4 protein chains.
Amino acid sequence: MRRSRLEAFSDGVLAIVITIMVLELHRPEGPHFADLAESWNGLLSYAISFVYVGIYWNNHHHLFQLVRQVDGMVLWANLHLLFWLSLLPFTTAWTDETHFAQDPTMVYGVNLLMAGVAYYLLQLTLKRLDPHGHLDRALGADLKGRSSPVLYVIGILAALVSTWLSVAVFVGVAAMWLVPDRRVERTIAEVHGDGSPEPL
Amino acid sequence: MRRSRLEAFSDGVLAIVITIMVLELHRPEGPHFADLAESWNGLLSYAISFVYVGIYWNNHHHLFQLVRQVDGMVLWANLHLLFWLSLLPFTTAWTDETHFAQDPTMVYGVNLLMAGVAYYLLQLTLKRLDPHGHLDRALGADLKGRSSPVLYVIGILAALVSTWLSVAVFVGVAAMWLVPDRRVERTIAEVHGDGSPEPL
Amino acid sequence: MRRSRLEAFSDGVLAIVITIMVLELHRPEGPHFADLAESWNGLLSYAISFVYVGIYWNNHHHLFQLVRQVDGMVLWANLHLLFWLSLLPFTTAWTDETHFAQDPTMVYGVNLLMAGVAYYLLQLTLKRLDPHGHLDRALGADLKGRSSPVLYVIGILAALVSTWLSVAVFVGVAAMWLVPDRRVERTIAEVHGDGSPEPL
Amino acid sequence: MRRSRLEAFSDGVLAIVITIMVLELHRPEGPHFADLAESWNGLLSYAISFVYVGIYWNNHHHLFQLVRQVDGMVLWANLHLLFWLSLLPFTTAWTDETHFAQDPTMVYGVNLLMAGVAYYLLQLTLKRLDPHGHLDRALGADLKGRSSPVLYVIGILAALVSTWLSVAVFVGVAAMWLVPDRRVERTIAEVHGDGSPEPL
């Protein structure tokens, strides 16, 4: 199975997920700036989800540069990840409509958690196909990957105190991922010799 | 006609179909977990349709790895398949809204059946262009392909007894397809010599 | 400018146009087959538009296989075509909601007409860049291309008598295009030597 | 990191943004031409946004033909641009629904302004990776890029007088960009030797 088509399909799904969330944004009811202010929750949750999908796309991209071969198991692990990411517009819209009420915020956190778990499982299926241990070296201790689920759980539970605390945790995890992973880039550079981009 | 552009277009349509179904999911009416429970039907039908589109994408991918040349007939047989798959968001939403009522569940089964028929016709048009009989060998007795329509009909009729029986049949057919088709992968490996992924 | 990215973008837009129309389909109001019957208009107009977008994708694909170079003018002629095709979900939904009332059916015809005109203009901009006259030879007298606008106008005016007559004309034009254009395929085969698909 | 996947993802998002705006278009309430007239505002704002997304796609395409290497910073600068462009369906729909009322028109202008700023930042991140100064030469004094933000601000403020004046300014900026940028095309031709399209 060719890696390129799996990447193309994933890119397609992620591009759609990241974009259709805007269709769920509550349109302001009236023609004044004040009406826009009521969309504030929606814009915030849209921005958070946008960044998360961007992070997954980025990490997905890095991950697959280190493997050449994919099989049916990888494909389904990948679809499993896409399933949870495709639910983001749904959970995002629920937090928006309820102005980050407690239960929807927790459900949003569970969605992030499940996507994180799915990504972890995807890594496991890819490691099976990686004879040279590139992935192992690239991921190293995988501190981000290991700490994220814990942080998501903290964020989910934080909603019992204050949903804004949850939002702060979710934003924090995103910020942690935004810092580029030098380790992966270094391994890619090693694998491809000089770090120059592949000639496609 | 290049195979690659047909694959790219199909990937695009399937990626959109699999993703926009989430737009049809009934948003919970209130801010409580109990309200989410009312979306349960929707999430179930979403998950089933998601898996079906994933299966079609997977099989489509395998199928086209075995042919090099496509013509106008293949293109239209492919669009015919995409047409039925593109109706899934519509029939899925109807089962969701009616909580798997009898008629919508039967219509959903007919949609699955028509997609299965369209896939079978697509295989026929591709076999015409396959001088070496790769496809014939890869598909072999094609037990899954042959039994699926029968099972869909059973699932459709089962709705007359209980729509949950229908759902069980549809889930069962999906599960049957989830088991990877070693035969096709083996033939691809033979065709491409060593089973390594094509260099694009 | 690379042809490949223009094709990829056009494929993306066409894949989305062909798929999102299903979001506009009126969901049946109740859980019975009789309720589905009320969606009949919608399914018909969806199917017609689906086939038209499929035809444009097919022709677009053939057209660009005969040119190697594109410039800014081609890009905008292409976007002009995509603009009219992107309005199809809008005009399709209007005919659906009004059960093929007279004015919406005429507007739908105008949409098809404008797309046809845009395609003609796209051909003109491509001919400028075709030093060897491949396109001229491929299109020949271009009977289909020349007769379509006339037929669209007839279809539009037919709505003054009966909108079902219009629908019949629009279906007829689509059927005319469904017959594959041997001439183009032959020229492509000549250009690429043996008619085998490009190795991309 | 491969440039090609970044381009493919951006193309996907832009193709979706340009297409889903049609879903937001207010459907005419009745079956008569007069009802369509009420959609006039919507069609106008749709057309303007369509052209803007088309311009960004075009410029994006040119820009990335001049760089070979992208890094994490470019990726996020690119996602930042896509974020603002993905909000266009939201702000476009608000101007449509309010018939170009003052505040929504100003917000629409701010959206265009932020996209312009994001594009400028993207250029900066790409210049870092351009050892041969191709981009600097291609962009030259970058009169369009430098004047656009100023013109957007003028357009935003013009809404205080008349929103149609704003619309005129926004249309004017789009028209300015529609004129192809010979300078960039010339530099691409130099870089790739003969101006012929890359063999992908």
# chains A, B, ... in the order shown; residues from 1 in each chain; ligands from 1

call {"tool": "residues_around", "arguments": {"residues": "Asp11 in chain B", "least_positions_apart": "2", "cutoff": "12 Å", "atoms": "only C-alpha atoms", "output": "PyMOL selection string"}}
result
(chain A and resi 4-13) or (chain B and resi 4-9+13-18+53-54+56-61+78-79+82) or (chain C and resi 8+11-12+15-16+19) or (chain D and resi 12)

call {"tool": "write_last_selection", "arguments": {"atoms": "C-alpha atoms", "output": "tab-separated table (two decimals), in the first residue's frame"}}
result
chain	number	residue	atom	x	y	z
A	4	SER	CA	1.23	8.75	-0.52
A	5	ARG	CA	-2.45	7.95	-0.95
A	6	LEU	CA	-2.95	7.50	2.79
A	7	GLU	CA	-1.35	10.89	3.34
A	8	ALA	CA	-3.47	12.49	0.63
A	9	PHE	CA	-6.69	11.09	2.09
A	10	SER	CA	-5.74	12.18	5.62
A	11	ASP	CA	-4.86	15.64	4.36
A	12	GLY	CA	-8.24	15.82	2.68
A	13	VAL	CA	-10.14	14.84	5.81
B	4	SER	CA	-3.78	9.05	-10.54
B	5	ARG	CA	-6.27	11.83	-11.17
B	6	LEU	CA	-9.22	9.45	-10.87
B	7	GLU	CA	-7.84	8.26	-7.54
B	8	ALA	CA	-7.26	11.82	-6.36
B	9	PHE	CA	-10.81	12.85	-7.24
B	13	VAL	CA	-15.13	12.91	-2.65
B	14	LEU	CA	-14.74	10.12	-0.06
B	15	ALA	CA	-12.88	12.45	2.32
B	16	ILE	CA	-15.72	14.96	2.05
B	17	VAL	CA	-18.48	12.35	2.41
B	18	ILE	CA	-16.84	10.87	5.50
B	53	VAL	CA	-16.76	4.87	3.67
B	54	GLY	CA	-13.40	3.87	5.15
B	56	TYR	CA	-14.75	1.61	0.37
B	57	TRP	CA	-11.75	3.91	0.36
B	58	ASN	CA	-9.51	1.02	1.39
B	59	ASN	CA	-10.93	-1.40	-1.20
B	60	HIS	CA	-10.92	1.28	-3.90
B	61	HIS	CA	-7.28	1.90	-3.15
B	78	ASN	CA	-16.47	5.16	-10.54
B	79	LEU	CA	-18.72	8.23	-10.47
B	82	LEU	CA	-19.35	7.88	-5.67
C	8	ALA	CA	-5.43	19.42	-8.07
C	11	ASP	CA	-10.40	18.52	-8.56
C	12	GLY	CA	-10.75	19.68	-4.98
C	15	ALA	CA	-15.19	17.10	-5.46
C	16	ILE	CA	-16.61	19.49	-2.87
C	19	THR	CA	-20.61	16.31	-2.52
D	12	GLY	CA	-7.50	21.56	0.11

call {"tool": "residues_around", "arguments": {"residues": "Leu178 in chain D", "least_positions_apart": "3", "cutoff": "9 Å", "atoms": "only C-alpha atoms", "output": "compact mmCIF listing (two decimals) with N, CA and C atoms, in the first residue's frame"}}
result
# COMPACT_ATOMS: atom_id res chain seq x y z
N GLY C 72 -1.42 32.90 -16.10
CA GLY C 72 -2.38 33.57 -15.23
C GLY C 72 -3.78 33.64 -15.84
N TRP C 76 -7.34 32.16 -14.30
CA TRP C 76 -8.57 32.91 -14.00
C TRP C 76 -9.74 32.42 -14.83
N VAL D 51 -13.36 35.64 -5.38
CA VAL D 51 -12.21 36.21 -6.10
C VAL D 51 -11.02 36.36 -5.15
N ILE D 55 -7.41 34.76 -5.57
CA ILE D 55 -6.16 35.53 -5.60
C ILE D 55 -5.14 34.94 -4.62
N VAL D 173 -9.15 46.60 -4.67
CA VAL D 173 -7.93 45.88 -4.28
C VAL D 173 -7.87 44.54 -5.02
N ALA D 174 -9.01 43.86 -5.08
CA ALA D 174 -9.06 42.58 -5.79
C ALA D 174 -8.66 42.78 -7.26
N ALA D 175 -9.20 43.83 -7.87
CA ALA D 175 -8.90 44.09 -9.28
C ALA D 175 -7.40 44.33 -9.46
N ASP D 181 1.23 39.21 -11.96
CA ASP D 181 2.47 39.81 -11.50
C ASP D 181 3.61 39.32 -12.38

call {"tool": "residues_around", "arguments": {"residues": "Pro31 in chain B", "least_positions_apart": "6", "cutoff": "9 Å", "atoms": "only C-alpha atoms", "output": "PDB file with all heavy atoms, in the first residue's frame"}}
result
ATOM      1  N   TRP A  94     -20.914  22.152  20.264  1.00  0.00           N
ATOM      2  CA  TRP A  94     -21.670  22.013  21.514  1.00  0.00           C
ATOM      3  C   TRP A  94     -21.106  22.947  22.593  1.00  0.00           C
ATOM      4  O   TRP A  94     -21.871  23.589  23.320  1.00  0.00           O
ATOM      5  CB  TRP A  94     -21.661  20.552  21.993  1.00  0.00           C
ATOM      6  CG  TRP A  94     -22.752  20.220  22.967  1.00  0.00           C
ATOM      7  CD1 TRP A  94     -23.957  20.866  23.085  1.00  0.00           C
ATOM      8  CD2 TRP A  94     -22.748  19.201  23.968  1.00  0.00           C
ATOM      9  NE1 TRP A  94     -24.704  20.291  24.079  1.00  0.00           N
ATOM     10  CE2 TRP A  94     -23.973  19.263  24.642  1.00  0.00           C
ATOM     11  CE3 TRP A  94     -21.809  18.230  24.342  1.00  0.00           C
ATOM     12  CZ2 TRP A  94     -24.311  18.409  25.678  1.00  0.00           C
ATOM     13  CZ3 TRP A  94     -22.142  17.363  25.373  1.00  0.00           C
ATOM     14  CH2 TRP A  94     -23.377  17.458  26.042  1.00  0.00           C
ATOM     15  N   THR A  95     -19.789  23.040  22.697  1.00  0.00           N
ATOM     16  CA  THR A  95     -19.215  23.984  23.676  1.00  0.00           C
ATOM     17  C   THR A  95     -19.598  25.415  23.312  1.00  0.00           C
ATOM     18  O   THR A  95     -19.875  26.229  24.186  1.00  0.00           O
ATOM     19  CB  THR A  95     -17.678  23.889  23.742  1.00  0.00           C
ATOM     20  OG1 THR A  95     -17.144  24.151  22.448  1.00  0.00           O
ATOM     21  CG2 THR A  95     -17.208  22.539  24.227  1.00  0.00           C
ATOM     22  N   GLU A  97     -22.319  26.492  21.619  1.00  0.00           N
ATOM     23  CA  GLU A  97     -23.737  26.771  21.851  1.00  0.00           C
ATOM     24  C   GLU A  97     -24.065  26.896  23.335  1.00  0.00           C
ATOM     25  O   GLU A  97     -25.007  27.597  23.714  1.00  0.00           O
ATOM     26  CB  GLU A  97     -24.591  25.646  21.251  1.00  0.00           C
ATOM     27  CG  GLU A  97     -24.881  25.886  19.789  1.00  0.00           C
ATOM     28  CD  GLU A  97     -25.347  24.625  19.107  1.00  0.00           C
ATOM     29  OE1 GLU A  97     -25.919  23.767  19.797  1.00  0.00           O
ATOM     30  OE2 GLU A  97     -25.129  24.494  17.893  1.00  0.00           O
ATOM     31  N   THR A  98     -23.322  26.178  24.154  1.00  0.00           N
ATOM     32  CA  THR A  98     -23.604  26.189  25.590  1.00  0.00           C
ATOM     33  C   THR A  98     -22.658  27.129  26.334  1.00  0.00           C
ATOM     34  O   THR A  98     -22.617  27.096  27.557  1.00  0.00           O
ATOM     35  CB  THR A  98     -23.461  24.767  26.164  1.00  0.00           C
ATOM     36  OG1 THR A  98     -22.116  24.324  25.927  1.00  0.00           O
ATOM     37  CG2 THR A  98     -24.420  23.803  25.494  1.00  0.00           C
ATOM     38  N   PHE A 100     -19.423  27.100  26.737  1.00  0.00           N
ATOM     39  CA  PHE A 100     -18.486  26.345  27.573  1.00  0.00           C
ATOM     40  C   PHE A 100     -19.121  25.925  28.911  1.00  0.00           C
ATOM     41  O   PHE A 100     -18.545  26.147  29.972  1.00  0.00           O
ATOM     42  CB  PHE A 100     -17.190  27.136  27.827  1.00  0.00           C
ATOM     43  CG  PHE A 100     -16.313  27.241  26.622  1.00  0.00           C
ATOM     44  CD1 PHE A 100     -16.290  28.397  25.860  1.00  0.00           C
ATOM     45  CD2 PHE A 100     -15.507  26.177  26.232  1.00  0.00           C
ATOM     46  CE1 PHE A 100     -15.485  28.495  24.735  1.00  0.00           C
ATOM     47  CE2 PHE A 100     -14.694  26.272  25.110  1.00  0.00           C
ATOM     48  CZ  PHE A 100     -14.686  27.441  24.363  1.00  0.00           C
ATOM     49  N   ALA A 101     -20.297  25.326  28.804  1.00  0.00           N
ATOM     50  CA  ALA A 101     -20.907  24.753  30.008  1.00  0.00           C
ATOM     51  C   ALA A 101     -20.073  23.544  30.444  1.00  0.00           C
ATOM     52  O   ALA A 101     -19.221  23.050  29.695  1.00  0.00           O
ATOM     53  CB  ALA A 101     -22.348  24.334  29.723  1.00  0.00           C
ATOM     54  N   GLN A 102     -20.355  23.070  31.655  1.00  0.00           N
ATOM     55  CA  GLN A 102     -19.488  22.040  32.237  1.00  0.00           C
ATOM     56  C   GLN A 102     -19.439  20.742  31.426  1.00  0.00           C
ATOM     57  O   GLN A 102     -18.357  20.284  31.030  1.00  0.00           O
ATOM     58  CB  GLN A 102     -19.958  21.747  33.664  1.00  0.00           C
ATOM     59  CG  GLN A 102     -19.018  20.824  34.418  1.00  0.00           C
ATOM     60  CD  GLN A 102     -19.454  20.684  35.860  1.00  0.00           C
ATOM     61  OE1 GLN A 102     -19.434  21.642  36.630  1.00  0.00           O
ATOM     62  NE2 GLN A 102     -19.864  19.489  36.226  1.00  0.00           N
ATOM     63  N   ASP A 103     -20.616  20.158  31.188  1.00  0.00           N
ATOM     64  CA  ASP A 103     -20.623  18.859  30.516  1.00  0.00           C
ATOM     65  C   ASP A 103     -20.025  18.926  29.097  1.00  0.00           C
ATOM     66  O   ASP A 103     -19.189  18.087  28.746  1.00  0.00           O
ATOM     67  CB  ASP A 103     -22.048  18.284  30.490  1.00  0.00           C
ATOM     68  CG  ASP A 103     -22.556  17.960  31.901  1.00  0.00           C
ATOM     69  OD1 ASP A 103     -21.809  18.203  32.870  1.00  0.00           O
ATOM     70  OD2 ASP A 103     -23.690  17.473  32.029  1.00  0.00           O
ATOM     71  N   PRO A 104     -20.449  19.887  28.286  1.00  0.00           N
ATOM     72  CA  PRO A 104     -19.865  19.955  26.938  1.00  0.00           C
ATOM     73  C   PRO A 104     -18.347  20.153  26.957  1.00  0.00           C
ATOM     74  O   PRO A 104     -17.637  19.573  26.131  1.00  0.00           O
ATOM     75  CB  PRO A 104     -20.563  21.161  26.313  1.00  0.00           C
ATOM     76  CG  PRO A 104     -21.851  21.273  27.042  1.00  0.00           C
ATOM     77  CD  PRO A 104     -21.543  20.846  28.446  1.00  0.00           C
TER      78      PRO A 104
END

call {"tool": "residues_around", "arguments": {"residues": "Gly42 in chain C", "least_positions_apart": "3", "cutoff": "8 Å", "atoms": "only C-alpha atoms", "output": "VMD selection string"}}
result
chain C and resid 25 to 26 39 45 to 46 93 95 to 97 99

call {"tool": "residues_around", "arguments": {"residues": "Leu81 in chain D", "least_positions_apart": "3", "cutoff": "8 Å", "atoms": "only C-alpha atoms", "output": "VMD selection string"}}
result
chain D and resid 77 to 78 84 to 85 115 118 to 119 122

call {"tool": "closest_residue", "arguments": {"among": "A:Val179, A:Val161, A:Val117, A:Gly145", "to": "chain D", "atoms": "only C-alpha atoms"}}
result
A:Val179

call {"tool": "select_by_dssp", "arguments": {"residues": "range 5-119 of chain A", "states": "helix (DSSP H, G or I)", "output": "PyMOL selection string"}}
result
chain A and resi 5-24+33-37+40-65+72-86+88-97+102-119

call {"tool": "residues_around", "arguments": {"residues": "Ile156 in chain D", "least_positions_apart": "3", "cutoff": "6 Å", "atoms": "only C-alpha atoms", "output": "list of chain:residue names"}}
result
D:Met106, D:Gly109, D:Val153, D:Ala159

call {"tool": "residues_around", "arguments": {"residues": "Val70 in chain C", "least_positions_apart": "5", "cutoff": "8 Å", "atoms": "only C-alpha atoms", "output": "PyMOL selection string"}}
result
chain C and resi 1-3+75+126+129

call {"tool": "closest_residue", "arguments": {"among": "D:Leu36, D:Phe90, D:Gln65, D:Arg27", "to": "chain A", "atoms": "only C-alpha atoms"}}
result
D:Phe90

call {"tool": "closest_residue", "arguments": {"among": "B:Trp164, B:Thr125, B:Thr105, B:Leu112", "to": "Leu151 in chain B", "atoms": "only C-alpha atoms"}}
result
B:Leu112
